$ cat final05.cif   # mmCIF, C-alpha atoms
data_my_file
loop_
_atom_site.label_atom_id
_atom_site.label_comp_id
_atom_site.auth_asym_id
_atom_site.auth_seq_id
_atom_site.Cartn_x
_atom_site.Cartn_y
_atom_site.Cartn_z
CA PHE A 1 166.08 242.27 166.69
CA THR A 2 167.47 240.28 163.76
CA VAL A 3 168.97 243.35 162.06
CA MET A 4 170.55 244.55 165.31
CA MET A 5 172.01 241.14 166.05
CA GLU A 6 173.40 240.87 162.51
CA HIS A 7 175.20 244.19 163.02
CA GLY A 8 176.50 243.30 166.47
CA LEU A 9 174.31 245.81 168.29
CA TYR A 10 173.77 243.44 171.19
CA GLU A 11 173.46 246.00 173.97
CA ILE A 12 170.93 248.05 172.00
CA ALA A 13 168.94 244.87 171.35
CA LEU A 14 169.03 244.09 175.07
CA HIS A 15 167.64 247.53 175.90
CA LEU A 16 164.98 247.09 173.21
CA GLY A 17 163.88 243.84 174.82
CA ARG A 18 163.45 245.60 178.14
CA THR A 19 161.58 248.42 176.42
CA VAL A 20 159.16 245.99 174.79
CA GLU A 21 158.48 244.56 178.25
CA ASP A 22 157.72 248.08 179.47
CA LEU A 23 155.40 248.75 176.52
CA VAL A 24 153.44 245.57 177.19
CA GLN A 25 153.27 246.41 180.91
CA GLY A 26 151.96 249.87 180.07
CA GLU A 27 149.25 248.56 177.78
CA LEU A 28 148.19 246.01 180.39
CA LEU A 29 148.02 248.69 183.08
CA GLN A 30 145.95 250.94 180.82
CA LEU A 31 143.55 248.11 180.03
CA GLU A 32 143.32 247.28 183.73
CA HIS A 33 142.32 250.85 184.54
CA GLN A 34 140.13 251.44 181.48
CA GLY A 35 136.73 252.62 182.62
CA ALA A 36 137.96 253.11 186.17
CA PRO A 37 137.11 256.60 187.48
CA VAL A 38 139.56 256.28 190.36
CA LEU A 39 143.05 256.79 188.94
CA SER A 40 145.66 258.95 190.64
CA GLU A 41 148.11 261.25 188.90
CA ASP A 42 150.95 258.94 189.95
CA GLU A 43 149.18 255.89 188.48
CA TYR A 44 148.57 257.77 185.24
CA LEU A 45 152.22 258.82 185.02
CA THR A 46 153.29 255.22 185.65
CA ILE A 47 151.26 254.13 182.63
CA VAL A 48 152.80 256.93 180.56
CA ARG A 49 156.29 255.93 181.70
CA TYR A 50 155.77 252.36 180.53
CA LYS A 51 153.76 252.81 177.33
CA THR A 52 155.30 255.98 175.89
CA ALA A 53 158.30 257.43 177.74
CA SER A 54 160.17 254.12 177.72
CA LEU A 55 160.10 253.99 173.91
CA PHE A 56 161.27 257.60 173.54
CA SER A 57 164.02 256.89 176.06
CA TRP A 58 165.19 253.81 174.16
CA CYS A 59 165.27 255.69 170.85
CA CYS A 60 167.42 258.45 172.32
CA ARG A 61 169.67 255.98 174.15
CA SER A 62 170.18 253.93 170.99
CA GLY A 63 171.02 257.00 168.91
CA GLY A 64 173.65 258.00 171.44
CA MET A 65 175.15 254.52 171.54
CA ILE A 66 175.33 254.21 167.75
CA ALA A 67 176.91 257.68 167.54
CA GLY A 68 179.62 256.54 169.95
CA HIS A 69 178.87 258.99 172.75
CA SER A 70 180.20 258.44 176.26
CA GLU A 71 178.22 256.37 178.75
CA GLU A 72 177.33 259.54 180.66
CA GLN A 73 176.00 261.25 177.52
CA VAL A 74 174.03 258.14 176.57
CA GLU A 75 172.36 258.15 179.99
CA ASP A 76 171.61 261.86 179.60
CA LEU A 77 170.00 261.17 176.23
CA ALA A 78 167.93 258.37 177.76
CA ARG A 79 166.71 260.73 180.50
CA PHE A 80 165.97 263.37 177.88
CA GLY A 81 163.86 260.84 175.99
CA TYR A 82 161.94 259.95 179.15
CA HIS A 83 160.97 263.56 179.87
CA PHE A 84 160.30 264.35 176.21
CA GLY A 85 158.12 261.26 175.84
CA THR A 86 156.18 262.05 179.01
CA ALA A 87 155.48 265.60 177.84
CA PHE A 88 154.46 264.30 174.41
CA GLN A 89 151.93 261.84 175.85
CA ILE A 90 150.39 264.32 178.28
CA THR A 91 149.99 266.86 175.48
CA ASP A 92 148.49 264.20 173.24
CA ASP A 93 145.93 263.42 175.95
CA VAL A 94 145.14 267.13 176.28
CA LEU A 95 144.56 267.35 172.52
CA ASP A 96 141.65 264.96 172.91
CA TYR A 97 139.78 267.76 174.67
CA ALA A 98 141.08 270.78 172.75
CA GLY A 99 138.69 272.12 170.14
CA ALA A 100 141.54 273.94 168.42
CA SER A 101 143.09 270.57 167.60
CA LEU A 102 140.27 269.30 165.41
CA ALA A 103 142.29 270.04 162.29
CA MET A 104 144.91 267.59 163.56
CA GLY A 105 142.39 264.77 163.83
CA LYS A 106 142.23 265.12 167.60
CA GLY A 107 139.77 266.87 169.88
CA ASN A 108 137.12 264.21 169.25
CA LEU A 109 136.92 263.03 172.88
CA ASN A 110 137.98 259.55 171.81
CA ASP A 111 139.65 258.86 175.15
CA LEU A 112 136.45 259.71 177.00
CA MET A 113 134.39 257.57 174.65
CA GLU A 114 136.76 254.63 175.21
CA GLY A 115 136.78 255.05 178.98
CA LYS A 116 140.43 256.13 179.21
CA THR A 117 141.11 258.17 182.34
CA THR A 118 143.82 260.64 181.34
CA LEU A 119 145.40 263.54 183.21
CA PRO A 120 142.88 266.28 182.25
CA LEU A 121 140.01 264.11 183.49
CA ILE A 122 141.90 263.19 186.67
CA PHE A 123 142.49 266.85 187.51
CA ALA A 124 138.88 267.74 186.70
CA MET A 125 137.46 264.93 188.87
CA ASN A 126 139.72 265.96 191.75
CA ARG A 127 138.22 269.44 191.56
CA ASP A 128 134.58 268.49 191.14
CA GLU A 129 132.93 265.31 192.45
CA GLY A 130 130.08 265.96 190.04
CA ILE A 131 132.41 265.39 187.09
CA LYS A 132 133.24 261.95 188.45
CA ASP A 133 129.51 261.18 188.70
CA ARG A 134 129.02 262.29 185.09
CA TYR A 135 131.92 260.10 184.01
CA LEU A 136 130.33 257.08 185.69
CA SER A 137 127.09 257.86 183.85
CA LEU A 138 128.98 258.10 180.57
CA LEU A 139 130.58 254.70 181.12
CA ALA A 140 127.14 253.18 181.58
CA SER A 141 125.75 254.73 178.39
CA VAL A 142 125.96 253.61 174.75
CA GLY A 143 125.46 255.00 171.27
CA GLU A 144 124.26 258.57 170.81
CA ALA A 145 123.66 258.96 174.54
CA ARG A 146 127.33 258.19 175.17
CA GLU A 147 128.42 260.71 172.54
CA GLU A 148 126.22 263.41 174.05
CA SER A 149 127.51 262.63 177.55
CA ALA A 150 131.09 262.84 176.27
CA ARG A 151 130.49 266.26 174.70
CA LYS A 152 129.00 267.65 177.91
CA LEU A 153 131.66 266.09 180.10
CA GLY A 154 134.43 267.30 177.80
CA ALA A 155 133.17 270.86 178.14
CA LEU A 156 133.19 270.54 181.94
CA VAL A 157 136.75 269.22 181.91
CA VAL A 158 137.90 272.20 179.84
CA ALA A 159 135.98 274.67 182.02
CA SER A 160 137.52 273.21 185.18
CA GLY A 161 141.01 274.45 184.31
CA ALA A 162 142.31 270.89 184.01
CA ILE A 163 143.75 271.57 180.54
CA ARG A 164 145.92 274.37 181.90
CA ASP A 165 147.14 272.24 184.79
CA SER A 166 147.87 269.25 182.55
CA LEU A 167 149.91 271.42 180.21
CA ALA A 168 151.81 272.74 183.23
CA VAL A 169 152.87 269.17 184.06
CA ALA A 170 153.87 268.60 180.43
CA GLY A 171 155.75 271.90 180.45
CA ASP A 172 157.69 270.84 183.53
CA HIS A 173 158.88 267.72 181.72
CA VAL A 174 159.81 269.82 178.68
CA GLU A 175 161.92 272.10 180.88
CA ARG A 176 163.66 269.08 182.39
CA ALA A 177 164.35 267.72 178.91
CA LEU A 178 165.74 271.09 177.76
CA ALA A 179 167.96 271.30 180.84
CA ILE A 180 169.48 267.95 179.90
CA LEU A 181 170.06 269.14 176.33
CA GLU A 182 172.01 272.12 177.68
CA THR A 183 174.60 269.70 179.08
CA LEU A 184 175.27 268.20 175.64
CA PRO A 185 177.61 269.66 173.01
CA GLU A 186 176.09 272.16 170.58
CA SER A 187 175.15 270.65 167.24
CA PRO A 188 172.38 270.76 164.62
CA HIS A 189 171.01 267.58 166.19
CA ARG A 190 170.75 269.16 169.64
CA PHE A 191 168.98 272.15 168.07
CA ALA A 192 166.53 269.82 166.32
CA LEU A 193 165.73 268.09 169.62
CA TRP A 194 165.26 271.50 171.24
CA ASN A 195 162.73 272.44 168.54
CA LEU A 196 160.90 269.15 169.01
CA CYS A 197 160.55 269.83 172.72
CA LYS A 198 159.14 273.29 172.09
CA PHE A 199 156.73 271.97 169.46
CA THR A 200 155.42 269.29 171.80
CA THR A 201 153.47 271.62 174.05
CA ASN A 202 152.95 274.36 171.44
CA ARG A 203 150.92 272.05 169.19
CA ILE A 204 147.94 272.61 171.48
CA HIS A 205 147.56 276.18 170.13
#
$ encode --input "final05.cif" --output "structure tokens"
Amino acid sequence: FTVMMEHGLYEIALHLGRTVEDLVQGELLQLEHQGAPVLSEDEYLTIVRYKTASLFSWCCRSGGMIAGHSEEQVEDLARFGYHFGTAFQITDDVLDYAGASLAMGKGNLNDLMEGKTTLPLIFAMNRDEGIKDRYLSLLASVGEAREESARKLGALVVASGAIRDSLAVAGDHVERALAILETLPESPHRFALWNLCKFTTNRIH
């Protein structure tokens, strides 16, 4: 804030303040729902909007403002950041279940162990009531029993097709982000953002 104020970037600082409020709101919502097996897709996406997408949106908005783009282009960049950030977070949550991601330090079922209900688990529980029962049992367990429950539950989530469906949601947000990029002038920066979007969902492979 101090640096921005010193350089007269008052509007960017104002948007940052609002973004920090969103980040705090997102963390509070996630804590409120931690360990809760009943979480809808809309509630999950609300948490993602606050705790991740809002920050991506602010970064893109700020870059556009500093570069001197028009108000319309700045708003487009902010919307791009929202969709890009949403896709990034969903994919990150999928990586928690993906065995192929172990080399990236993910795929350890940390979200399950911590009682975080993310999109793959939501889709899996919607398909199979037994998965919800297993999740409740996991939440009541500790130590090695919890780790074993997480491994078994993680396998069920993957087998349910929830990973595919979660990536489809992420892919939809990527396509929306790319559509917004198409409205912006061609440049190396636009191409770099395009590559980032493509990498977001491809990092699961």
$ atom_distance --input "final05.cif" --atom1 "CA of Ala150 in chain A" --atom2 "CA of Asp96 in chain A"
11.3 Å
$ resolve_selection --input "final05.cif" --expression "the PyMOL selection byres ((chain A and resi 65) around 12)" --output "MDAnalysis selection string"
chainID A and resid 9:13 15 58:64 66:78
$ write_last_selection --input "final05.cif" --atoms "C-alpha atoms" --output "JSON list (two decimals), in the frame of the given file"
[["chain", "number", "residue", "atom", "x", "y", "z"],
["A", 9, "LEU", "CA", 174.31, 245.81, 168.29],
["A", 10, "TYR", "CA", 173.77, 243.44, 171.19],
["A", 11, "GLU", "CA", 173.46, 246.00, 173.97],
["A", 12, "ILE", "CA", 170.93, 248.05, 172.00],
["A", 13, "ALA", "CA", 168.94, 244.87, 171.35],
["A", 15, "HIS", "CA", 167.64, 247.53, 175.90],
["A", 58, "TRP", "CA", 165.19, 253.81, 174.16],
["A", 59, "CYS", "CA", 165.27, 255.69, 170.85],
["A", 60, "CYS", "CA", 167.42, 258.45, 172.32],
["A", 61, "ARG", "CA", 169.67, 255.98, 174.15],
["A", 62, "SER", "CA", 170.18, 253.93, 170.99],
["A", 63, "GLY", "CA", 171.02, 257.00, 168.91],
["A", 64, "GLY", "CA", 173.65, 258.00, 171.44],
["A", 66, "ILE", "CA", 175.33, 254.21, 167.75],
["A", 67, "ALA", "CA", 176.91, 257.68, 167.54],
["A", 68, "GLY", "CA", 179.62, 256.54, 169.95],
["A", 69, "HIS", "CA", 178.87, 258.99, 172.75],
["A", 70, "SER", "CA", 180.20, 258.44, 176.26],
["A", 71, "GLU", "CA", 178.22, 256.37, 178.75],
["A", 72, "GLU", "CA", 177.33, 259.54, 180.66],
["A", 73, "GLN", "CA", 176.00, 261.25, 177.52],
["A", 74, "VAL", "CA", 174.03, 258.14, 176.57],
["A", 75, "GLU", "CA", 172.36, 258.15, 179.99],
["A", 76, "ASP", "CA", 171.61, 261.86, 179.60],
["A", 77, "LEU", "CA", 170.00, 261.17, 176.23],
["A", 78, "ALA", "CA", 167.93, 258.37, 177.76]]
$ residues_around --input "final05.cif" --residues "range 25-37 of chain A" --least-positions-apart "5" --cutoff "7 Å" --atoms "all atoms listed in the file" --output "list in words"
Ile47, Tyr50, Lys51, Gly115, Lys116, Thr117, Lys132 and Leu139 of chain A
$ resolve_selection --input "final05.cif" --expression "the PyMOL selection byres ((chain A and resi 82) around 9)" --output "PyMOL selection string"
chain A and resi 49+52-58+60+77-81+83-87+173+177
$ closest_residue --input "final05.cif" --among "A:Val48, A:Val94, A:Glu43, A:Glu21" --to "Arg164 in chain A" --atoms "all atoms listed in the file"
A:Val94
$ atom_distance --input "final05.cif" --atom1 "CA of Ala192 in chain A" --atom2 "CA of Asp172 in chain A"
19.4 Å
$ closest_residue --input "final05.cif" --among "A:Leu121, A:Leu136, A:Leu95, A:Ile90" --to "Ser40 in chain A" --atoms "all atoms listed in the file"
A:Leu121
$ closest_residue --input "final05.cif" --among "A:Lys152, A:Val174, A:Thr183, A:Val169" --to "Leu196 in chain A" --atoms "all atoms listed in the file"
A:Val174
$ atom_distance --input "final05.cif" --atom1 "CA of Glu144 in chain A" --atom2 "CA of Met113 in chain A"
10.9 Å
